[in-house]
Amino acid sequence: MTRVAVYPGSFDPITKGHEDLIQRSLGFVDKVVVAVAVNVAKQPLFSLDERVALIRQCVGDKRVEVQSFDGLLVEFAKKTGATVIVRGLRAVSDFEYEFQMALMNRNLGPEIETVFLVPAFDLTYLSSSLVREVARFGGDVSALVHPAVQQALKRKFAK
Ligand code: PNS
């Protein structure tokens, strides 16, 4: 039996924190489907195609697939044959939103379990929004994102 996890998010853009969680997930499943949300409440910096392409550039592992999804996450998880939803927990501030989402997803799809993973210590403070903010003002994000993402951010903010 192939164990599949879905790792959903906006990935606007993917950071080393996300990459770390993908690798950690491969420690307990055979395949990770990185699920890039079409409908993000906020206006994303990168288009859906750009976010998907950047993740593919950052993650070369054959056990990792990148797909976009629209609508309910649990429906997408069922379609991909996933039994696990992976989410990262960085700080207490993440907890309430994540707890709410996990319970709602259980309500919608009781057969799918949400698993929370803690990122590497030095990546705990990292978020896509912080990366965007630092890059927007010309700060160095080389330690926080893959070089492909760094280049993409440079191009975005060069305009
Ligand atoms: O990286 P983000 O922005 O915190 O990811 C949030 C995401 C995309 C995982 C969440 O908004 C989501 O699952 N959206 C799909 C719609 C859905 O299923 N909503 C019900 C779950 S509460």
# chains A, B, ... in the order shown; residues from 1 in each chain; ligands from 1
call {"tool": "select_by_dssp", "arguments": {"residues": "chain A", "states": "strand (DSSP E)", "output": "number ranges by chain"}}
result
A: 4-9, 31-37, 64-69, 84-88, 113-117
call {"tool": "write_last_selection", "arguments": {"atoms": "N, CA, C and O atoms", "output": "mmCIF file, in the first residue's frame"}}
result
data_model
loop_
_atom_site.group_PDB
_atom_site.id
_atom_site.type_symbol
_atom_site.label_atom_id
_atom_site.label_comp_id
_atom_site.auth_asym_id
_atom_site.auth_seq_id
_atom_site.Cartn_x
_atom_site.Cartn_y
_atom_site.Cartn_z
ATOM 1 N N VAL A 4 0.079 8.112 1.012
ATOM 2 C CA VAL A 4 0.183 9.427 0.354
ATOM 3 C C VAL A 4 -0.233 10.534 1.325
ATOM 4 O O VAL A 4 -1.261 10.407 2.011
ATOM 5 N N ALA A 5 0.559 11.605 1.358
ATOM 6 C CA ALA A 5 0.189 12.790 2.147
ATOM 7 C C ALA A 5 -0.002 13.964 1.213
ATOM 8 O O ALA A 5 0.697 14.092 0.197
ATOM 9 N N VAL A 6 -0.953 14.802 1.554
ATOM 10 C CA VAL A 6 -1.126 16.070 0.850
ATOM 11 C C VAL A 6 -0.562 17.170 1.738
ATOM 12 O O VAL A 6 -0.844 17.213 2.935
ATOM 13 N N TYR A 7 0.253 18.025 1.143
ATOM 14 C CA TYR A 7 0.809 19.158 1.880
ATOM 15 C C TYR A 7 0.265 20.433 1.208
ATOM 16 O O TYR A 7 0.779 20.868 0.183
ATOM 17 N N PRO A 8 -0.817 21.007 1.756
ATOM 18 C CA PRO A 8 -1.470 22.139 1.091
ATOM 19 C C PRO A 8 -0.951 23.489 1.575
ATOM 20 O O PRO A 8 -0.438 23.623 2.696
ATOM 21 N N GLY A 9 -1.122 24.487 0.713
ATOM 22 C CA GLY A 9 -0.765 25.841 1.127
ATOM 23 C C GLY A 9 -0.822 26.794 -0.042
ATOM 24 O O GLY A 9 -1.175 26.418 -1.163
ATOM 25 N N LYS A 31 4.698 9.059 -0.661
ATOM 26 C CA LYS A 31 4.540 10.112 -1.676
ATOM 27 C C LYS A 31 3.929 11.356 -1.024
ATOM 28 O O LYS A 31 3.016 11.233 -0.207
ATOM 29 N N VAL A 32 4.449 12.513 -1.414
ATOM 30 C CA VAL A 32 3.873 13.778 -0.933
ATOM 31 C C VAL A 32 3.336 14.553 -2.135
ATOM 32 O O VAL A 32 4.060 14.769 -3.110
ATOM 33 N N VAL A 33 2.069 14.923 -2.064
ATOM 34 C CA VAL A 33 1.489 15.777 -3.100
ATOM 35 C C VAL A 33 1.433 17.197 -2.526
ATOM 36 O O VAL A 33 0.686 17.459 -1.578
ATOM 37 N N VAL A 34 2.258 18.063 -3.085
ATOM 38 C CA VAL A 34 2.228 19.465 -2.654
ATOM 39 C C VAL A 34 1.056 20.109 -3.385
ATOM 40 O O VAL A 34 1.014 20.135 -4.620
ATOM 41 N N ALA A 35 0.089 20.584 -2.612
ATOM 42 C CA ALA A 35 -1.165 21.071 -3.184
ATOM 43 C C ALA A 35 -1.221 22.596 -3.079
ATOM 44 O O ALA A 35 -1.340 23.157 -1.987
ATOM 45 N N VAL A 36 -1.115 23.236 -4.225
ATOM 46 C CA VAL A 36 -1.060 24.701 -4.253
ATOM 47 C C VAL A 36 -2.475 25.244 -4.441
ATOM 48 O O VAL A 36 -3.134 24.948 -5.447
ATOM 49 N N ALA A 37 -2.916 26.026 -3.480
ATOM 50 C CA ALA A 37 -4.300 26.513 -3.492
ATOM 51 C C ALA A 37 -4.497 27.587 -4.551
ATOM 52 O O ALA A 37 -3.742 28.551 -4.643
ATOM 53 N N VAL A 64 7.823 13.323 -4.776
ATOM 54 C CA VAL A 64 7.048 14.557 -4.541
ATOM 55 C C VAL A 64 6.390 15.013 -5.845
ATOM 56 O O VAL A 64 7.049 15.129 -6.872
ATOM 57 N N GLU A 65 5.089 15.230 -5.773
ATOM 58 C CA GLU A 65 4.316 15.702 -6.925
ATOM 59 C C GLU A 65 3.770 17.078 -6.570
ATOM 60 O O GLU A 65 3.422 17.298 -5.409
ATOM 61 N N VAL A 66 3.684 17.950 -7.550
ATOM 62 C CA VAL A 66 3.117 19.281 -7.287
ATOM 63 C C VAL A 66 1.861 19.449 -8.139
ATOM 64 O O VAL A 66 1.910 19.254 -9.349
ATOM 65 N N GLN A 67 0.769 19.782 -7.491
ATOM 66 C CA GLN A 67 -0.500 19.992 -8.206
ATOM 67 C C GLN A 67 -1.193 21.219 -7.634
ATOM 68 O O GLN A 67 -0.995 21.532 -6.464
ATOM 69 N N SER A 68 -2.010 21.852 -8.462
ATOM 70 C CA SER A 68 -2.829 22.940 -7.917
ATOM 71 C C SER A 68 -4.210 22.357 -7.612
ATOM 72 O O SER A 68 -4.579 21.317 -8.157
ATOM 73 N N PHE A 69 -4.917 23.021 -6.705
ATOM 74 C CA PHE A 69 -6.274 22.552 -6.413
ATOM 75 C C PHE A 69 -7.197 23.736 -6.150
ATOM 76 O O PHE A 69 -6.772 24.792 -5.677
ATOM 77 N N VAL A 84 -3.483 11.488 4.632
ATOM 78 C CA VAL A 84 -2.904 12.419 5.600
ATOM 79 C C VAL A 84 -2.808 13.814 4.992
ATOM 80 O O VAL A 84 -2.452 13.954 3.823
ATOM 81 N N ILE A 85 -3.145 14.826 5.793
ATOM 82 C CA ILE A 85 -2.883 16.224 5.437
ATOM 83 C C ILE A 85 -1.750 16.687 6.338
ATOM 84 O O ILE A 85 -1.836 16.538 7.565
ATOM 85 N N VAL A 86 -0.694 17.215 5.756
ATOM 86 C CA VAL A 86 0.430 17.718 6.554
ATOM 87 C C VAL A 86 0.335 19.231 6.643
ATOM 88 O O VAL A 86 0.123 19.908 5.639
ATOM 89 N N ARG A 87 0.491 19.753 7.859
ATOM 90 C CA ARG A 87 0.583 21.200 8.052
ATOM 91 C C ARG A 87 1.732 21.474 9.016
ATOM 92 O O ARG A 87 2.036 20.663 9.896
ATOM 93 N N GLY A 88 2.352 22.640 8.841
ATOM 94 C CA GLY A 88 3.447 23.012 9.734
ATOM 95 C C GLY A 88 2.929 23.831 10.898
ATOM 96 O O GLY A 88 2.001 24.625 10.739
ATOM 97 N N GLU A 113 -6.520 12.184 8.153
ATOM 98 C CA GLU A 113 -5.939 12.661 9.417
ATOM 99 C C GLU A 113 -5.001 13.851 9.143
ATOM 100 O O GLU A 113 -4.197 13.802 8.203
ATOM 101 N N THR A 114 -5.117 14.902 9.953
ATOM 102 C CA THR A 114 -4.155 16.007 9.841
ATOM 103 C C THR A 114 -2.981 15.739 10.767
ATOM 104 O O THR A 114 -3.157 15.396 11.941
ATOM 105 N N VAL A 115 -1.784 15.900 10.215
ATOM 106 C CA VAL A 115 -0.560 15.701 11.006
ATOM 107 C C VAL A 115 0.204 17.021 11.019
ATOM 108 O O VAL A 115 0.442 17.608 9.964
ATOM 109 N N PHE A 116 0.560 17.478 12.201
ATOM 110 C CA PHE A 116 1.320 18.728 12.313
ATOM 111 C C PHE A 116 2.802 18.423 12.473
ATOM 112 O O PHE A 116 3.179 17.600 13.307
ATOM 113 N N LEU A 117 3.605 19.108 11.676
ATOM 114 C CA LEU A 117 5.049 18.916 11.774
ATOM 115 C C LEU A 117 5.701 20.222 12.205
ATOM 116 O O LEU A 117 5.258 21.314 11.819
#
call {"tool": "closest_atom_pairs", "arguments": {"of": "chain A", "to": "ligand 1", "cutoff": "9 Å", "atoms": "only C-alpha atoms and all ligand atoms", "output": "JSON lines"}}
result
{"residue": "A:Tyr7", "atom": "CA", "partner": "ligand 1", "partner_atom_place_in_ligand_line": "9 (C)", "distance": 8.0}
{"residue": "A:Pro8", "atom": "CA", "partner": "ligand 1", "partner_atom_place_in_ligand_line": "9 (C)", "distance": 4.7}
{"residue": "A:Gly9", "atom": "CA", "partner": "ligand 1", "partner_atom_place_in_ligand_line": "1 (O)", "distance": 3.4}
{"residue": "A:Ser10", "atom": "CA", "partner": "ligand 1", "partner_atom_place_in_ligand_line": "1 (O)", "distance": 4.1}
{"residue": "A:Phe11", "atom": "CA", "partner": "ligand 1", "partner_atom_place_in_ligand_line": "1 (O)", "distance": 6.0}
{"residue": "A:Asp12", "atom": "CA", "partner": "ligand 1", "partner_atom_place_in_ligand_line": "1 (O)", "distance": 8.0}
{"residue": "A:Ala35", "atom": "CA", "partner": "ligand 1", "partner_atom_place_in_ligand_line": "8 (C)", "distance": 8.0}
{"residue": "A:Val36", "atom": "CA", "partner": "ligand 1", "partner_atom_place_in_ligand_line": "8 (C)", "distance": 7.0}
{"residue": "A:Ala37", "atom": "CA", "partner": "ligand 1", "partner_atom_place_in_ligand_line": "8 (C)", "distance": 4.8}
{"residue": "A:Val38", "atom": "CA", "partner": "ligand 1", "partner_atom_place_in_ligand_line": "8 (C)", "distance": 7.9}
{"residue": "A:Asn39", "atom": "CA", "partner": "ligand 1", "partner_atom_place_in_ligand_line": "14 (N)", "distance": 7.1}
{"residue": "A:Val40", "atom": "CA", "partner": "ligand 1", "partner_atom_place_in_ligand_line": "3 (O)", "distance": 6.4}
{"residue": "A:Ala41", "atom": "CA", "partner": "ligand 1", "partner_atom_place_in_ligand_line": "11 (O)", "distance": 7.8}
{"residue": "A:Lys42", "atom": "CA", "partner": "ligand 1", "partner_atom_place_in_ligand_line": "3 (O)", "distance": 8.6}
{"residue": "A:Phe69", "atom": "CA", "partner": "ligand 1", "partner_atom_place_in_ligand_line": "15 (C)", "distance": 8.0}
{"residue": "A:Asp70", "atom": "CA", "partner": "ligand 1", "partner_atom_place_in_ligand_line": "15 (C)", "distance": 6.9}
{"residue": "A:Gly71", "atom": "CA", "partner": "ligand 1", "partner_atom_place_in_ligand_line": "16 (C)", "distance": 5.4}
{"residue": "A:Leu72", "atom": "CA", "partner": "ligand 1", "partner_atom_place_in_ligand_line": "18 (O)", "distance": 3.4}
{"residue": "A:Leu73", "atom": "CA", "partner": "ligand 1", "partner_atom_place_in_ligand_line": "18 (O)", "distance": 3.8}
{"residue": "A:Val74", "atom": "CA", "partner": "ligand 1", "partner_atom_place_in_ligand_line": "18 (O)", "distance": 6.1}
{"residue": "A:Glu75", "atom": "CA", "partner": "ligand 1", "partner_atom_place_in_ligand_line": "18 (O)", "distance": 7.8}
{"residue": "A:Phe76", "atom": "CA", "partner": "ligand 1", "partner_atom_place_in_ligand_line": "18 (O)", "distance": 8.5}
{"residue": "A:Arg87", "atom": "CA", "partner": "ligand 1", "partner_atom_place_in_ligand_line": "9 (C)", "distance": 8.0}
{"residue": "A:Tyr97", "atom": "CA", "partner": "ligand 1", "partner_atom_place_in_ligand_line": "4 (O)", "distance": 8.7}
{"residue": "A:Glu98", "atom": "CA", "partner": "ligand 1", "partner_atom_place_in_ligand_line": "4 (O)", "distance": 8.3}
{"residue": "A:Gln100", "atom": "CA", "partner": "ligand 1", "partner_atom_place_in_ligand_line": "22 (S)", "distance": 6.8}
{"residue": "A:Met101", "atom": "CA", "partner": "ligand 1", "partner_atom_place_in_ligand_line": "22 (S)", "distance": 4.0}
{"residue": "A:Ala102", "atom": "CA", "partner": "ligand 1", "partner_atom_place_in_ligand_line": "22 (S)", "distance": 6.9}
{"residue": "A:Leu103", "atom": "CA", "partner": "ligand 1", "partner_atom_place_in_ligand_line": "22 (S)", "distance": 7.8}
{"residue": "A:Met104", "atom": "CA", "partner": "ligand 1", "partner_atom_place_in_ligand_line": "22 (S)", "distance": 5.2}
{"residue": "A:Asn105", "atom": "CA", "partner": "ligand 1", "partner_atom_place_in_ligand_line": "21 (C)", "distance": 5.4}
{"residue": "A:Leu108", "atom": "CA", "partner": "ligand 1", "partner_atom_place_in_ligand_line": "20 (C)", "distance": 8.3}
{"residue": "A:Ser128", "atom": "CA", "partner": "ligand 1", "partner_atom_place_in_ligand_line": "1 (O)", "distance": 8.5}
call {"tool": "select_by_dssp", "arguments": {"residues": "chain A", "states": "alpha helix (DSSP H)", "output": "PyMOL selection string"}}
result
chain A and resi 16-25+48-58+73-80+92-108+128-136+147-158
call {"tool": "residues_around", "arguments": {"residues": "Asp140 in chain A", "least_positions_apart": "5", "cutoff": "9 Å", "atoms": "only C-alpha atoms", "output": "short mmCIF file (atom, residue, chain, number, x, y, z; two decimals) with N, CA, C and O atoms, in the first residue's frame"}}
result
data_model
loop_
_atom_site.label_atom_id
_atom_site.label_comp_id
_atom_site.auth_asym_id
_atom_site.auth_seq_id
_atom_site.Cartn_x
_atom_site.Cartn_y
_atom_site.Cartn_z
N VAL A 134 10.86 41.18 2.99
CA VAL A 134 12.31 41.45 2.97
C VAL A 134 12.77 41.65 1.53
O VAL A 134 13.51 42.59 1.23
N ALA A 135 12.31 40.78 0.61
CA ALA A 135 12.73 40.86 -0.79
C ALA A 135 12.24 42.16 -1.43
O ALA A 135 12.94 42.79 -2.22
N GLN A 150 14.83 33.01 -5.09
CA GLN A 150 15.53 34.29 -4.90
C GLN A 150 15.54 35.08 -6.22
O GLN A 150 15.24 36.29 -6.25
#
call {"tool": "atom_distance", "arguments": {"atom1": "CA of Glu133 in chain A", "atom2": "CA of Val145 in chain A"}}
result
13.2 Å
call {"tool": "residues_around", "arguments": {"residues": "Leu45 in chain A", "least_positions_apart": "2", "cutoff": "9 Å", "atoms": "only C-alpha atoms", "output": "PDB file with C-alpha atoms, in the first residue's frame"}}
result
ATOM      1  CA  ASP A  12       3.643  32.397  -2.257  1.00  0.00           C
ATOM      2  CA  PRO A  13       6.530  31.616  -2.601  1.00  0.00           C
ATOM      3  CA  GLN A  43      -3.912  38.600  -3.757  1.00  0.00           C
ATOM      4  CA  SER A  47       0.573  33.514 -10.123  1.00  0.00           C
ATOM      5  CA  ARG A 132       8.139  38.775   0.372  1.00  0.00           C
ATOM      6  CA  LYS A 156       9.299  40.501  -9.483  1.00  0.00           C
TER       7      LYS A 156
END
